[in-house]
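Student: This one is query26.cif, mmCIF, C-alpha atoms.
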```cif
data_coords
loop_
_atom_site.group_PDB
_atom_site.id
_atom_site.type_symbol
_atom_site.label_atom_id
_atom_site.label_comp_id
_atom_site.auth_asym_id
_atom_site.auth_seq_id
_atom_site.Cartn_x
_atom_site.Cartn_y
_atom_site.Cartn_z
ATOM 1 C CA MET A 10 4.704 142.777 76.041
ATOM 2 C CA LYS A 11 6.877 143.721 79.016
ATOM 3 C CA GLU A 12 9.696 141.384 79.985
ATOM 4 C CA ARG A 13 9.824 140.446 83.642
ATOM 5 C CA LYS A 14 13.116 139.813 85.359
ATOM 6 C CA LEU A 15 13.398 137.358 88.174
ATOM 7 C CA GLY A 16 15.180 138.385 91.337
ATOM 8 C CA SER A 17 18.068 136.525 92.856
ATOM 9 C CA GLY A 18 17.495 133.137 94.432
ATOM 10 C CA GLN A 19 17.757 134.652 97.891
ATOM 11 C CA ASP A 20 15.083 137.264 97.120
ATOM 12 C CA MET A 21 12.703 134.595 95.833
ATOM 13 C CA GLN A 22 13.386 132.287 98.784
ATOM 14 C CA GLY A 23 12.635 135.086 101.229
ATOM 15 C CA ALA A 24 9.351 135.796 99.486
ATOM 16 C CA VAL A 25 8.348 132.127 99.632
ATOM 17 C CA GLU A 26 9.270 131.836 103.299
ATOM 18 C CA ALA A 27 7.261 134.936 104.124
ATOM 19 C CA LYS A 28 4.139 133.387 102.571
ATOM 20 C CA LYS A 29 4.361 130.040 104.417
ATOM 21 C CA PRO A 30 1.485 129.580 106.836
ATOM 22 C CA SER A 31 2.242 128.546 110.379
ATOM 23 C CA ALA A 32 1.979 124.769 110.730
ATOM 24 C CA ARG A 33 1.870 124.709 114.520
ATOM 25 C CA LEU A 34 -0.906 122.954 116.398
ATOM 26 C CA SER A 35 -2.070 124.003 119.829
ATOM 27 C CA ARG A 36 -1.215 121.834 122.820
ATOM 28 C CA ASP A 37 -4.876 120.850 123.147
ATOM 29 C CA ILE A 38 -5.047 119.633 119.555
ATOM 30 C CA GLN A 39 -1.731 117.773 119.919
ATOM 31 C CA ALA A 40 -3.007 116.065 123.078
ATOM 32 C CA LYS A 41 -6.279 115.066 121.390
ATOM 33 C CA LEU A 42 -4.420 113.658 118.366
ATOM 34 C CA GLY A 43 -2.103 111.731 120.676
ATOM 35 C CA GLN A 44 -5.050 110.209 122.536
ATOM 36 C CA GLN A 45 -6.751 109.173 119.317
ATOM 37 C CA LEU A 46 -3.563 107.677 117.847
ATOM 38 C CA ARG A 47 -2.935 105.696 121.040
ATOM 39 C CA ALA A 48 -6.491 104.355 120.992
ATOM 40 C CA ILE A 49 -6.183 103.257 117.362
ATOM 41 C CA TYR A 50 -2.756 101.698 117.975
ATOM 42 C CA ASP A 51 -4.000 99.804 121.035
ATOM 43 C CA ASP A 52 -6.955 98.491 119.048
ATOM 44 C CA VAL A 53 -4.676 97.223 116.250
ATOM 45 C CA VAL A 54 -2.254 95.594 118.699
ATOM 46 C CA ASN A 55 -5.076 93.849 120.542
ATOM 47 C CA GLN A 56 -6.447 92.367 117.306
ATOM 48 C CA GLY A 57 -3.509 89.985 117.077
ATOM 49 C CA VAL A 58 -2.007 88.392 113.991
ATOM 50 C CA PRO A 59 -4.448 86.951 111.445
ATOM 51 C CA GLU A 60 -4.176 83.176 111.022
ATOM 52 C CA ARG A 61 -3.028 83.410 107.395
ATOM 53 C CA PHE A 62 -0.129 85.689 108.398
ATOM 54 C CA ALA A 63 0.849 83.341 111.223
ATOM 55 C CA ALA A 64 0.882 80.444 108.740
ATOM 56 C CA LEU A 65 3.089 82.427 106.334
ATOM 57 C CA LEU A 66 5.483 83.310 109.148
ATOM 58 C CA ASP A 67 5.677 79.622 110.135
ATOM 59 C CA GLN A 68 6.513 78.701 106.528
ATOM 60 C CA LEU A 69 9.245 81.319 106.403
ATOM 61 C CA ASP A 70 10.726 80.104 109.682
ATOM 62 C CA LYS A 71 10.779 76.509 108.384
ATOM 63 C CA SER A 72 12.460 77.521 105.118
ATOM 64 C CA ASP A 73 15.071 79.538 107.072
ATOM 65 C CA ASP A 74 15.787 76.536 109.291
ATOM 66 C CA LYS A 75 16.312 74.290 106.242
ATOM 67 C CA GLY A 76 18.667 76.824 104.644
ATOM 68 C CA LYS A 77 20.866 77.029 107.759
ATOM 69 C CA GLN A 78 21.459 73.255 107.976
#
```
Would you put the structure from the file into structure tokens?
Tutor:
Amino acid sequence: MKERKLGSGQDMQGAVEAKKPSARLSRDIQAKLGQQLRAIYDDVVNQGVPERFAALLDQLDKSDDKGKQ
């Protein structure tokens, strides 16, 4: 069995960097993603806070007020 020697760290890093695929998106794709993210965000914001979360927040505010007195 032949023994393989590893190159220096710099040689290996260069080889890895050379194999990395480009992760760039076109301007059109970026614009489309931005539009979709804005639409989803707007939908979530417009839903408001569920009643059970509002009740929990009220309880926390009351307990904070008691602790400060």
Student: Can you measure atom CA of Gln39 of chain A to atom CA of Asp51 of chain A for me? One decimal in Å is fine.
Tutor: 18.1 Å
Student: If I take atom CA of Val53 of chain A and atom CA of Ser35 of chain A, how far is one from the other in Å, to one decimal?
Tutor: 27.1 Å
Student: In Å, how far is it from atom CA of Ala32 of chain A to atom CA of Leu46 of chain A?
Tutor: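 About the pair atom CA of Ala32 of chain A and atom CA of Leu46 of chain A: they are 19.3 Å apart.
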Student: What would the file be for segment 48-63 of chain A if you keep N, CA and C atoms and write it as a PDB file, in the first residue's frame?
Tutor:
```pdb
ATOM      1  N   ALA A  48     -43.226  40.753   1.565  1.00  0.00           N
ATOM      2  CA  ALA A  48     -44.631  40.344   1.602  1.00  0.00           C
ATOM      3  C   ALA A  48     -44.906  39.462   2.810  1.00  0.00           C
ATOM      4  N   ILE A  49     -44.020  38.517   3.080  1.00  0.00           N
ATOM      5  CA  ILE A  49     -44.196  37.637   4.239  1.00  0.00           C
ATOM      6  C   ILE A  49     -44.098  38.437   5.531  1.00  0.00           C
ATOM      7  N   TYR A  50     -43.113  39.337   5.614  1.00  0.00           N
ATOM      8  CA  TYR A  50     -42.932  40.150   6.816  1.00  0.00           C
ATOM      9  C   TYR A  50     -44.173  41.014   7.061  1.00  0.00           C
ATOM     10  N   ASP A  51     -44.652  41.671   6.009  1.00  0.00           N
ATOM     11  CA  ASP A  51     -45.841  42.516   6.156  1.00  0.00           C
ATOM     12  C   ASP A  51     -47.038  41.709   6.646  1.00  0.00           C
ATOM     13  N   ASP A  52     -47.189  40.505   6.138  1.00  0.00           N
ATOM     14  CA  ASP A  52     -48.293  39.645   6.549  1.00  0.00           C
ATOM     15  C   ASP A  52     -48.187  39.312   8.039  1.00  0.00           C
ATOM     16  N   VAL A  53     -46.986  38.987   8.498  1.00  0.00           N
ATOM     17  CA  VAL A  53     -46.779  38.643   9.916  1.00  0.00           C
ATOM     18  C   VAL A  53     -47.034  39.858  10.804  1.00  0.00           C
ATOM     19  N   VAL A  54     -46.550  41.017  10.400  1.00  0.00           N
ATOM     20  CA  VAL A  54     -46.748  42.235  11.189  1.00  0.00           C
ATOM     21  C   VAL A  54     -48.226  42.582  11.290  1.00  0.00           C
ATOM     22  N   ASN A  55     -48.951  42.416  10.204  1.00  0.00           N
ATOM     23  CA  ASN A  55     -50.372  42.764  10.191  1.00  0.00           C
ATOM     24  C   ASN A  55     -51.239  41.788  10.971  1.00  0.00           C
ATOM     25  N   GLN A  56     -50.713  40.611  11.300  1.00  0.00           N
ATOM     26  CA  GLN A  56     -51.484  39.644  12.082  1.00  0.00           C
ATOM     27  C   GLN A  56     -51.670  40.106  13.523  1.00  0.00           C
ATOM     28  N   GLY A  57     -50.785  40.904  14.030  1.00  0.00           N
ATOM     29  CA  GLY A  57     -50.890  41.369  15.404  1.00  0.00           C
ATOM     30  C   GLY A  57     -50.394  40.334  16.399  1.00  0.00           C
ATOM     31  N   VAL A  58     -50.536  40.676  17.665  1.00  0.00           N
ATOM     32  CA  VAL A  58     -50.067  39.807  18.751  1.00  0.00           C
ATOM     33  C   VAL A  58     -51.225  38.927  19.213  1.00  0.00           C
ATOM     34  N   PRO A  59     -51.021  37.616  19.259  1.00  0.00           N
ATOM     35  CA  PRO A  59     -52.093  36.739  19.755  1.00  0.00           C
ATOM     36  C   PRO A  59     -52.481  37.108  21.195  1.00  0.00           C
ATOM     37  N   GLU A  60     -53.731  36.897  21.518  1.00  0.00           N
ATOM     38  CA  GLU A  60     -54.257  37.272  22.843  1.00  0.00           C
ATOM     39  C   GLU A  60     -53.468  36.642  23.978  1.00  0.00           C
ATOM     40  N   ARG A  61     -53.080  35.369  23.834  1.00  0.00           N
ATOM     41  CA  ARG A  61     -52.354  34.712  24.929  1.00  0.00           C
ATOM     42  C   ARG A  61     -50.983  35.354  25.159  1.00  0.00           C
ATOM     43  N   PHE A  62     -50.340  35.843  24.089  1.00  0.00           N
ATOM     44  CA  PHE A  62     -49.058  36.526  24.258  1.00  0.00           C
ATOM     45  C   PHE A  62     -49.254  37.885  24.931  1.00  0.00           C
ATOM     46  N   ALA A  63     -50.323  38.581  24.538  1.00  0.00           N
ATOM     47  CA  ALA A  63     -50.622  39.873  25.155  1.00  0.00           C
ATOM     48  C   ALA A  63     -50.879  39.695  26.652  1.00  0.00           C
TER      49      ALA A  63
END
```
